[in-house]
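Coordinates from run-v2.cif are shown below (mmCIF, C-alpha atoms and all ligand atoms).
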data_model
#
loop_
_atom_site.label_atom_id
_atom_site.label_comp_id
_atom_site.auth_asym_id
_atom_site.auth_seq_id
_atom_site.Cartn_x
_atom_site.Cartn_y
_atom_site.Cartn_z
CA MET A 1 51.28 103.27 248.97
CA THR A 2 47.97 103.46 250.77
CA MET A 3 47.83 103.11 254.51
CA LEU A 4 44.34 103.30 255.94
CA ILE A 5 43.42 102.39 259.51
CA GLY A 6 40.26 102.34 261.62
CA HIS A 7 40.45 103.61 265.20
CA ILE A 8 37.65 102.59 267.53
CA SER A 9 37.40 102.72 271.28
CA ASP A 10 35.21 102.05 274.30
CA SER A 11 32.89 99.55 272.65
CA HIS A 12 31.83 98.26 276.09
CA LEU A 13 30.43 95.05 274.60
CA GLY A 14 28.00 93.47 277.06
CA ALA A 15 26.89 96.75 278.63
CA ILE A 16 23.18 96.83 279.53
CA PRO A 17 22.29 100.46 280.31
CA TYR A 18 19.10 100.82 282.35
CA ASN A 19 18.83 97.03 282.33
CA LYS A 20 17.21 97.07 278.92
CA PRO A 21 18.02 94.02 276.74
CA GLU A 22 17.44 96.26 273.70
CA ARG A 23 20.26 98.50 274.90
CA GLU A 24 22.60 95.52 275.27
CA ASN A 25 21.82 94.65 271.68
CA ASP A 26 22.48 98.25 270.59
CA PHE A 27 26.10 97.90 271.69
CA TYR A 28 26.54 94.80 269.53
CA GLU A 29 24.92 96.59 266.59
CA SER A 30 27.14 99.65 266.99
CA PHE A 31 30.22 97.45 266.96
CA SER A 32 29.02 95.43 263.95
CA GLU A 33 28.23 98.61 262.05
CA ALA A 34 31.72 99.98 262.72
CA ILE A 35 33.23 96.69 261.50
CA GLU A 36 31.08 96.71 258.36
CA ILE A 37 32.19 100.26 257.58
CA VAL A 38 35.91 99.56 258.00
CA ILE A 39 35.57 96.54 255.71
CA ARG A 40 33.72 98.60 253.11
CA GLU A 41 36.29 101.39 253.33
CA ARG A 42 39.09 98.85 252.93
CA VAL A 43 41.18 99.75 255.96
CA GLN A 44 44.20 97.54 256.50
CA LEU A 45 44.17 97.61 260.27
CA VAL A 46 41.73 98.29 263.11
CA VAL A 47 43.09 99.75 266.35
CA HIS A 48 40.90 99.38 269.44
CA ALA A 49 41.99 101.73 272.23
CA GLY A 50 40.48 99.84 275.16
CA ASP A 51 37.30 99.06 277.09
CA VAL A 52 36.54 96.35 274.55
CA PHE A 53 34.14 94.78 277.04
CA ASP A 54 32.04 96.43 279.71
CA VAL A 55 33.21 94.11 282.48
CA PRO A 56 36.29 91.91 283.02
CA LYS A 57 34.15 88.75 282.87
CA PRO A 58 31.78 89.41 279.96
CA SER A 59 28.79 87.25 279.10
CA GLY A 60 28.97 84.48 276.52
CA THR A 61 26.91 86.66 274.19
CA ALA A 62 29.46 89.49 274.35
CA LEU A 63 32.34 87.05 273.76
CA VAL A 64 30.61 85.50 270.75
CA LYS A 65 29.63 88.85 269.21
CA LEU A 66 33.28 89.90 269.25
CA VAL A 67 34.39 86.61 267.69
CA ASP A 68 31.89 87.06 264.87
CA SER A 69 33.20 90.53 264.02
CA LEU A 70 36.86 89.56 264.32
CA LYS A 71 36.30 86.60 261.98
CA LYS A 72 34.84 88.94 259.38
CA LEU A 73 37.92 91.14 259.62
CA LYS A 74 40.25 88.18 259.37
CA GLU A 75 38.47 86.88 256.26
CA LYS A 76 39.17 90.22 254.64
CA GLY A 77 42.80 90.20 255.80
CA ILE A 78 42.26 93.16 258.14
CA LYS A 79 44.31 93.04 261.32
CA PHE A 80 42.80 93.90 264.69
CA VAL A 81 45.04 95.20 267.47
CA PHE A 82 43.90 96.35 270.90
CA THR A 83 44.86 97.63 274.29
CA MET A 84 42.76 97.28 277.42
CA GLY A 85 40.87 99.78 279.56
CA GLU A 86 39.90 99.61 283.21
CA HIS A 87 36.69 97.82 282.23
CA ASP A 88 38.68 94.97 280.69
CA ILE A 89 41.17 94.54 283.48
CA SER A 90 40.44 92.92 286.78
CA ARG A 91 42.90 92.63 289.61
CA LEU A 92 41.37 89.31 290.56
CA TYR A 93 41.42 87.14 287.47
CA SER A 94 44.73 86.38 285.90
CA ILE A 95 43.86 86.51 282.17
CA PRO A 96 41.62 89.37 281.00
CA SER A 97 38.93 88.19 278.56
CA PRO A 98 40.11 90.21 275.51
CA LEU A 99 43.39 88.26 275.52
CA LEU A 100 41.40 85.19 274.48
CA TYR A 101 41.25 86.60 270.94
CA GLN A 102 45.02 86.84 270.80
CA HIS A 103 45.23 83.15 271.70
CA VAL A 104 43.00 82.15 268.78
CA ASP A 105 44.86 84.43 266.35
CA LEU A 106 41.97 86.83 265.77
CA ALA A 107 43.63 89.82 267.40
CA THR A 108 46.96 91.15 268.60
CA TYR A 109 47.37 92.63 272.05
CA ILE A 110 49.54 95.73 271.84
CA GLY A 111 49.01 97.11 275.37
CA ASP A 112 52.33 95.79 276.68
CA GLY A 113 54.41 98.80 275.68
CA LYS A 114 56.43 96.92 273.05
CA ALA A 115 56.92 98.43 269.60
CA ARG A 116 55.53 96.25 266.79
CA GLU A 117 55.61 96.64 263.06
CA VAL A 118 52.00 95.63 262.45
CA LEU A 119 51.90 96.63 258.78
CA ASP A 120 54.74 97.26 256.36
CA GLY A 121 56.10 100.64 257.41
CA LEU A 122 53.80 101.08 260.42
CA THR A 123 55.00 100.71 264.00
CA ILE A 124 52.51 100.65 266.89
CA VAL A 125 53.17 101.06 270.59
CA GLY A 126 50.33 100.72 273.08
CA PHE A 127 49.87 100.74 276.82
CA HIS A 128 47.01 99.26 278.81
CA LYS A 129 45.11 101.49 281.22
CA ARG A 130 47.14 102.80 284.14
CA ARG A 131 45.29 103.54 287.34
CA LYS A 132 45.91 106.81 289.16
CA ASP A 133 48.75 105.41 291.23
CA GLU A 134 50.42 103.92 288.14
CA VAL A 135 50.38 107.03 285.93
CA ASP A 136 53.89 108.15 286.91
CA GLU A 137 55.32 104.86 285.67
CA LEU A 138 53.44 105.35 282.38
CA LYS A 139 54.77 108.89 282.00
CA SER A 140 58.32 107.69 282.42
CA ARG A 141 57.78 104.99 279.77
CA LEU A 142 56.32 107.59 277.41
CA SER A 143 59.20 109.99 277.95
CA SER A 144 61.75 107.58 276.50
CA LEU A 145 59.71 106.48 273.45
CA ASP A 146 60.97 109.13 271.00
CA GLN A 147 64.52 107.97 271.57
CA GLU A 148 63.67 104.25 271.58
CA LEU A 149 61.94 104.53 268.21
CA TYR A 150 64.40 107.00 266.73
CA SER A 151 65.51 104.58 264.03
CA ALA A 152 62.07 103.07 263.31
CA LYS A 153 61.23 103.62 259.66
CA GLY A 154 57.82 104.61 258.40
CA LYS A 155 54.82 105.76 260.43
CA LYS A 156 54.24 105.47 264.15
CA ILE A 157 51.03 105.20 266.19
CA LEU A 158 50.71 105.45 269.96
CA VAL A 159 47.70 103.80 271.64
CA LEU A 160 46.63 104.82 275.15
CA HIS A 161 43.56 104.45 277.35
CA GLN A 162 43.91 107.52 279.57
CA GLY A 163 42.10 110.83 280.03
CA MET A 164 43.86 114.05 279.07
CA TYR A 165 43.44 117.24 281.06
CA GLU A 166 43.24 119.32 277.90
CA PHE A 167 39.96 117.61 276.96
CA HIS A 168 38.46 116.78 280.32
CA LYS A 169 39.37 118.59 283.53
CA PHE A 170 37.94 115.97 285.85
CA ALA A 171 38.85 112.80 283.98
CA GLY A 172 42.37 114.03 283.19
CA GLU A 173 45.34 111.80 284.00
CA ILE A 174 48.02 113.05 281.64
CA ASN A 175 48.84 116.20 279.65
CA SER A 176 49.75 116.53 276.00
CA SER A 177 53.26 117.40 277.20
CA ASP A 178 53.53 113.87 278.64
CA LEU A 179 53.18 112.37 275.15
CA PRO A 180 56.18 111.48 273.00
CA LYS A 181 56.50 113.91 270.11
CA SER A 182 57.38 111.86 267.06
CA PHE A 183 54.17 109.89 266.48
CA ASP A 184 52.07 110.31 263.36
CA TYR A 185 48.82 109.51 265.16
CA TYR A 186 47.79 109.27 268.81
CA ALA A 187 44.95 106.71 269.08
CA MET A 188 43.27 107.43 272.38
CA GLY A 189 40.56 105.75 274.40
CA HIS A 190 38.80 106.31 277.73
CA LEU A 191 36.92 109.58 277.21
CA HIS A 192 33.45 108.75 275.92
CA ASP A 193 32.94 111.99 274.03
CA ARG A 194 34.77 112.66 270.80
CA PHE A 195 37.85 114.92 270.89
CA GLU A 196 40.46 115.73 268.29
CA LYS A 197 43.32 118.19 268.45
CA ARG A 198 46.73 118.92 267.03
CA PHE A 199 49.12 120.09 269.72
CA GLU A 200 52.11 122.30 269.14
CA GLY A 201 55.19 120.09 269.22
CA LEU A 202 53.41 116.79 268.53
CA LYS A 203 53.83 115.42 265.02
CA GLY A 204 50.33 113.98 264.57
CA PRO A 205 46.80 114.59 265.82
CA VAL A 206 45.50 113.31 269.18
CA CYS A 207 42.09 111.67 268.70
CA TYR A 208 39.44 110.23 270.97
CA PRO A 209 36.69 108.64 268.84
CA GLY A 210 34.44 108.41 271.92
CA SER A 211 32.43 105.39 272.99
CA LEU A 212 30.59 103.42 270.29
CA ASP A 213 27.36 103.73 272.25
CA ALA A 214 26.29 105.62 275.36
CA THR A 215 27.02 103.81 278.62
CA ALA A 216 24.79 104.48 281.63
CA SER A 217 27.35 106.91 283.06
CA GLU A 218 26.91 109.16 280.02
CA GLY A 219 23.33 109.85 281.01
CA ILE A 220 20.43 110.39 278.64
CA ARG A 221 21.22 113.30 276.33
CA GLU A 222 21.65 113.88 272.64
CA LEU A 223 24.81 112.16 271.53
CA ARG A 224 26.52 111.24 268.30
CA LYS A 225 28.62 108.09 268.22
CA GLY A 226 31.29 106.94 265.82
CA PHE A 227 34.95 106.24 265.16
CA TYR A 228 37.90 107.38 263.05
CA ILE A 229 39.28 106.32 259.73
CA VAL A 230 42.81 107.63 259.44
CA ASP A 231 44.78 107.92 256.24
CA LEU A 232 48.50 107.64 256.89
CA SER A 233 49.50 107.42 253.22
CA LYS A 234 50.74 110.99 253.01
CA GLN A 235 53.18 113.03 255.03
CA GLU A 236 50.46 114.21 257.42
CA ALA A 237 47.80 111.95 258.91
CA SER A 238 44.32 112.91 257.76
CA THR A 239 41.38 111.93 259.91
CA GLN A 240 37.74 111.35 259.21
CA TRP A 241 35.23 110.73 261.98
CA ILE A 242 32.46 108.42 260.82
CA GLU A 243 29.11 108.69 262.56
CA LEU A 244 27.23 105.44 263.17
CA SER A 245 23.69 105.29 261.86
CA SER A 246 22.44 102.45 264.07
CA THR A 247 22.75 104.52 267.27
CA ARG A 248 19.53 104.68 269.28
CA LYS A 249 18.50 108.30 269.75
CA GLN A 250 18.52 109.86 273.18
CA TYR A 251 16.80 113.14 273.99
CA SER A 252 16.37 115.40 276.95
CA PHE A 253 13.25 117.56 276.96
CA ASP A 254 12.03 120.38 279.17
CA ILE A 255 8.28 120.41 279.67
CA GLU A 256 6.19 123.24 281.07
CA TYR A 257 3.79 121.92 283.67
CA GLU A 258 0.99 124.23 282.49
CA LYS A 259 1.21 122.93 278.92
CA MET A 260 2.18 119.40 279.84
CA ASP A 261 -0.28 117.39 277.73
CA ALA A 262 0.32 119.40 274.56
CA MET A 263 4.09 119.18 275.01
CA VAL A 264 3.94 115.42 275.57
CA ASN A 265 2.06 115.16 272.28
CA ASP A 266 4.77 117.24 270.58
CA ILE A 267 7.39 114.83 271.87
CA ILE A 268 5.41 111.85 270.62
CA SER A 269 5.12 113.33 267.12
CA LYS A 270 8.88 113.90 267.11
CA ILE A 271 9.83 110.37 268.15
CA LYS A 272 7.08 108.11 266.81
CA ASP A 273 8.72 107.30 263.47
CA LEU A 274 12.26 106.61 264.67
CA ALA A 275 13.75 103.25 263.67
CA LYS A 276 14.49 102.49 267.31
CA LYS A 277 12.38 103.74 270.21
CA PRO A 278 14.46 106.45 271.90
CA MET A 279 15.65 106.97 275.47
CA LEU A 280 14.17 110.10 277.08
CA ASP A 281 15.08 112.35 279.96
CA ILE A 282 12.34 114.79 280.90
CA VAL A 283 12.37 117.76 283.25
CA VAL A 284 8.98 119.18 284.17
CA LYS A 285 9.12 122.84 285.19
CA GLY A 286 6.45 124.84 286.93
CA LYS A 287 4.75 125.77 290.19
CA GLU A 288 2.91 123.52 292.65
CA LEU A 289 3.78 120.38 290.76
CA ASP A 290 1.59 117.34 291.29
CA SER A 291 3.70 114.21 290.83
CA ALA A 292 0.75 111.89 290.29
CA LYS A 293 -0.57 114.15 287.56
CA ILE A 294 2.86 114.32 285.89
CA ALA A 295 3.31 110.55 286.03
CA SER A 296 -0.05 109.97 284.44
CA SER A 297 0.52 112.55 281.70
CA LEU A 298 3.94 111.10 280.83
CA ARG A 299 2.59 107.56 280.72
CA LYS A 300 1.55 108.23 277.13
CA LEU A 301 5.25 108.07 276.23
CA GLU A 302 5.47 104.40 277.16
CA ASP A 303 4.39 103.24 273.71
CA HIS A 304 6.90 105.43 271.89
CA ALA A 305 10.03 105.43 274.06
CA LEU A 306 12.15 102.46 275.10
CA TYR A 307 12.65 104.16 278.44
CA TYR A 308 11.97 107.54 279.98
CA GLN A 309 12.95 109.10 283.24
CA TRP A 310 11.66 112.36 284.66
CA ASN A 311 12.47 114.97 287.18
CA THR A 312 10.83 118.16 288.36
CA LYS A 313 12.07 121.69 288.80
CA GLU A 314 9.87 123.93 290.94
CA THR A 315 10.01 127.52 289.83
CA VAL A 316 9.96 129.61 292.97
CA SER A 317 10.29 133.35 293.46
CA ASP A 318 13.96 133.06 294.37
CA ALA A 319 15.99 132.05 291.39
CA THR A 320 17.03 128.46 291.93
CA LYS A 321 20.68 128.35 292.61
CA GLU A 322 22.55 125.72 290.75
CA LEU A 323 25.99 124.43 291.35
CA VAL A 324 27.60 125.45 288.11
CA GLU A 325 30.97 123.88 288.58
CA ARG A 326 32.28 121.10 290.73
CA PRO A 327 35.36 121.84 292.78
CA GLY A 328 38.45 121.09 290.72
CA ASP A 329 40.00 118.78 293.28
CA ILE A 330 36.92 116.80 294.19
CA GLU A 331 38.79 113.48 294.20
CA GLN A 332 41.54 114.84 296.39
CA GLU A 333 38.91 116.27 298.72
CA MET A 334 37.16 112.91 298.94
CA LEU A 335 40.45 111.18 299.62
CA ARG A 336 41.29 113.66 302.38
CA MET A 337 37.91 113.15 304.03
CA ALA A 338 38.08 109.37 303.72
CA GLU A 339 41.57 109.37 305.20
CA GLY A 340 40.31 111.43 308.14
CA ILE A 341 37.49 108.98 308.79
CA LEU A 342 39.40 105.75 308.17
CA GLY A 343 42.69 106.89 309.69
CA SER A 344 44.74 105.33 306.90
CA LYS A 345 45.86 106.65 303.55
CA GLU A 346 46.08 103.13 302.14
CA VAL A 347 42.54 102.18 303.10
CA ALA A 348 41.23 105.56 301.93
CA THR A 349 42.88 105.08 298.51
CA LEU A 350 41.36 101.60 298.24
CA ALA A 351 37.93 102.96 299.14
CA ILE A 352 37.93 105.99 296.84
CA ASN A 353 39.96 104.75 293.86
CA GLU A 354 38.94 101.08 293.77
CA ILE A 355 35.73 100.38 295.64
CA LEU A 356 33.76 103.55 294.96
CA PRO A 357 34.01 103.42 291.12
CA LEU A 358 32.85 99.79 291.16
CA LEU A 359 29.92 100.56 293.44
CA ALA A 360 29.01 103.56 291.32
CA GLU A 361 28.60 101.13 288.41
CA GLY A 362 26.56 98.79 290.59
CA ASN A 363 29.34 96.18 290.50
CA SER A 364 29.05 95.09 294.12
CA LYS A 365 30.33 91.59 293.35
CA GLU A 366 33.76 92.78 292.29
CA ALA A 367 33.85 95.39 295.07
CA THR A 368 33.20 92.62 297.60
CA ASP A 369 35.85 90.40 296.01
CA ILE A 370 38.43 93.17 296.24
CA LEU A 371 37.56 93.81 299.88
CA TRP A 372 37.89 90.11 300.69
CA LYS A 373 41.19 89.89 298.85
CA TYR A 374 42.46 92.93 300.73
CA PHE A 375 41.29 91.47 304.03
CA GLU A 376 42.95 88.11 303.29
CA GLU A 377 46.22 89.78 302.34
CA ARG A 378 46.25 91.88 305.49
CA ARG A 379 45.54 88.85 307.64
CA LYS A 380 48.69 87.17 306.40
CA ILE A 381 50.90 90.05 307.51
MN MN B 401 35.19 103.39 278.64
#
Give the structure from this file in structure tokens form.
Ligand SMILES: [Mn+2]
Amino acid sequence: MTMLIGHISDSHLGAIPYNKPERENDFYESFSEAIEIVIRERVQLVVHAGDVFDVPKPSGTALVKLVDSLKKLKEKGIKFVFTMGEHDISRLYSIPSPLLYQHVDLATYIGDGKAREVLDGLTIVGFHKRRKDEVDELKSRLSSLDQELYSAKGKKILVLHQGMYEFHKFAGEINSSDLPKSFDYYAMGHLHDRFEKRFEGLKGPVCYPGSLDATASEGIRELRKGFYIVDLSKQEASTQWIELSSTRKQYSFDIEYEKMDAMVNDIISKIKDLAKKPMLDIVVKGKELDSAKIASSLRKLEDHALYYQWNTKETVSDATKELVERPGDIEQEMLRMAEGILGSKEVATLAINEILPLLAEGNSKEATDILWKYFEERRKI
């Protein structure tokens, strides 16, 4: 019997990197392309591992784009199940937007930790994103799963939206040893780069497909985007990562100040025939750099790039020292400092874990709402 599933994650529908409407549209195209491919490949089920939308209250356009894709899946009899990431969940609004699709029977929410037999002979358990202070509770839920599902027949998939230390030192929240052992496939979300690994002691592979398109936090660099198709028909899960072809190219270029005009022309000849105008990040290196001259030389790129940003690097006699690695406990260090300044662990945690990430994304509205809510709650005490 065939059992083929699609595993996508971090589609961030509604994201508008660099405030470019074209980039917003890219995210819809990436998602549509993934849906077209899973239909063509005849998967029976699509698992979305969270961050469906970019914000908890997405635009009407983002909501409609998702409906359109989910209807196509439903017409083909392909089920869509999902968990939620931190971008989907708000502490302020009671019903997160992705749950809408469950209410109109276009999707099934599986982030509640309950085991479901979603296909004949396939059981799925998922958990929605746990914040830092909720990870211990998640770990304890995970630790009992092997036993809870001991008698479940057929294949098993676990769906999580958390970072793993083994793949990302700074975004890590759990270790592979925190995962239950008996699952045939671990469908992960949260990390925006692609990772795949089989761990000793775990039955199936642990896979992060990565985001479907580059969010602003990923910066402008060369990236490949895609998702997994997983064949669970045989004893062992076999995975295939499918690269999307609609992805807008992003490049970072180093330019020598002395040869600036020639190098700008080289860049133009490289990018001028791309289907979509690319995003560029340019570093100009040299001595006695004249910013006005650089700006005017780079202006030629305007016709060929959707967006470009540039920076300079003065070459001086002393080798420029670069910070190669961030301190491992940078978050702890920030928390300690904030606690020292604010005089309260609770307020420091709110500032560093809740407010700062929102402000870093430019989401001052939600940051303000959370502050007000906190203030109101404290006033009642
Ligand atoms: Mn994400």
Taking only C-alpha atoms and all ligand atoms into account, report as a PyMOL selection string which residues have an atom no farther than 7 Å from an atom of ligand MN 401 (chain B). chain A and resi 10+12+51+85+87+190-192+211
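For the choices A:Ile37, A:Ser90, A:Ser30, A:Ser217, the atom-to-atom distance to Ala367 of chain A is smallest for A:Ser90 when using all atoms listed in the file.
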Could you give me, as a PyMOL selection string, the residues that have an atom at most 6 Å away from the point (52.0, 107.9, 264.9) in the coordinates of the file, using all atoms listed in the file? chain A and resi 155-158+183-186
Tell me which of A:Gly189, A:Lys57, A:Ser176, A:Asp290 sits closest to Thr83 of chain A, counting all atoms listed in the file. A:Gly189
Residue neighbourhood Gly113 of chain A, 8 Å, only C-alpha atoms, exclusion window fewer than 5 positions, as a list in words: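 Here the qualifying residues turn out to be Val125, Gly126 and Phe127 of chain A.
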Could you tell me how far atom CA of Glu331 of chain A lies from atom CA of Ile352 of chain A, in Å and to one decimal?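 Going from atom CA of Glu331 of chain A over to atom CA of Ile352 of chain A, I get 8.0 Å.
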What is the distance, in Å and to one decimal place, between atom CA of Glu148 of chain A and atom CA of Asp112 of chain A? 15.0 Å
Residue nearest Gly111 of chain A among A:Lys71, A:Lys345, A:His48, A:Lys65 (counting only C-alpha atoms):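 Result for the nearest residue to Gly111 of chain A: A:His48.
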Report the centre and edge lengths, in Å to one decimal, of an axis-aligned box enclosing every atom of segment 349-357 of chain A listed in the file, padded by 6 Å on each side, as AutoDock Vina command-line options.
--center_x 38.3 --center_y 103.2 --center_z 295.1 --size_x 21.1 --size_y 17.6 --size_z 20.0
Residue with the minimum atom-to-atom distance to Gln240 of chain A, picked from A:Leu356, A:Ile95, A:Ile5, A:Leu335 with only C-alpha atoms counted, is A:Ile5
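The residue set within 12 Å of Met263 of chain A, counting all atoms listed in the file and dropping same-chain residues fewer than 2 places from it, reads A:Phe253, A:Asp254, A:Ile255, A:Glu256, A:Tyr257, A:Glu258, A:Lys259, A:Met260, A:Asp261, A:Asn265, A:Asp266, A:Ile267, A:Ile268, A:Ser269, A:Lys270, A:Ile282, A:Val283, A:Val284, A:Lys285, A:Ile294, A:Ser297, A:Leu298, A:Lys300, A:Leu301.
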In Å, rounded to a single decimal, give me how far atom CA of Ala216 of chain A is from atom CA of Leu73 of chain A.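 That distance, rounded to one decimal, is 28.9 Å.
Of the residues under consideration (A:Ala187, A:Leu306, A:Val55, A:Ala262), A:Val55 shows the shortest atom-to-atom contact distance to Glu366 of chain A when counting all atoms listed in the file.
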Let me make sure I understand: among A:Lys72, A:Ile78, A:Tyr109, A:Val206, which one has the smallest atom-to-atom distance to Glu166 of chain A if we use only C-alpha atoms? A:Val206
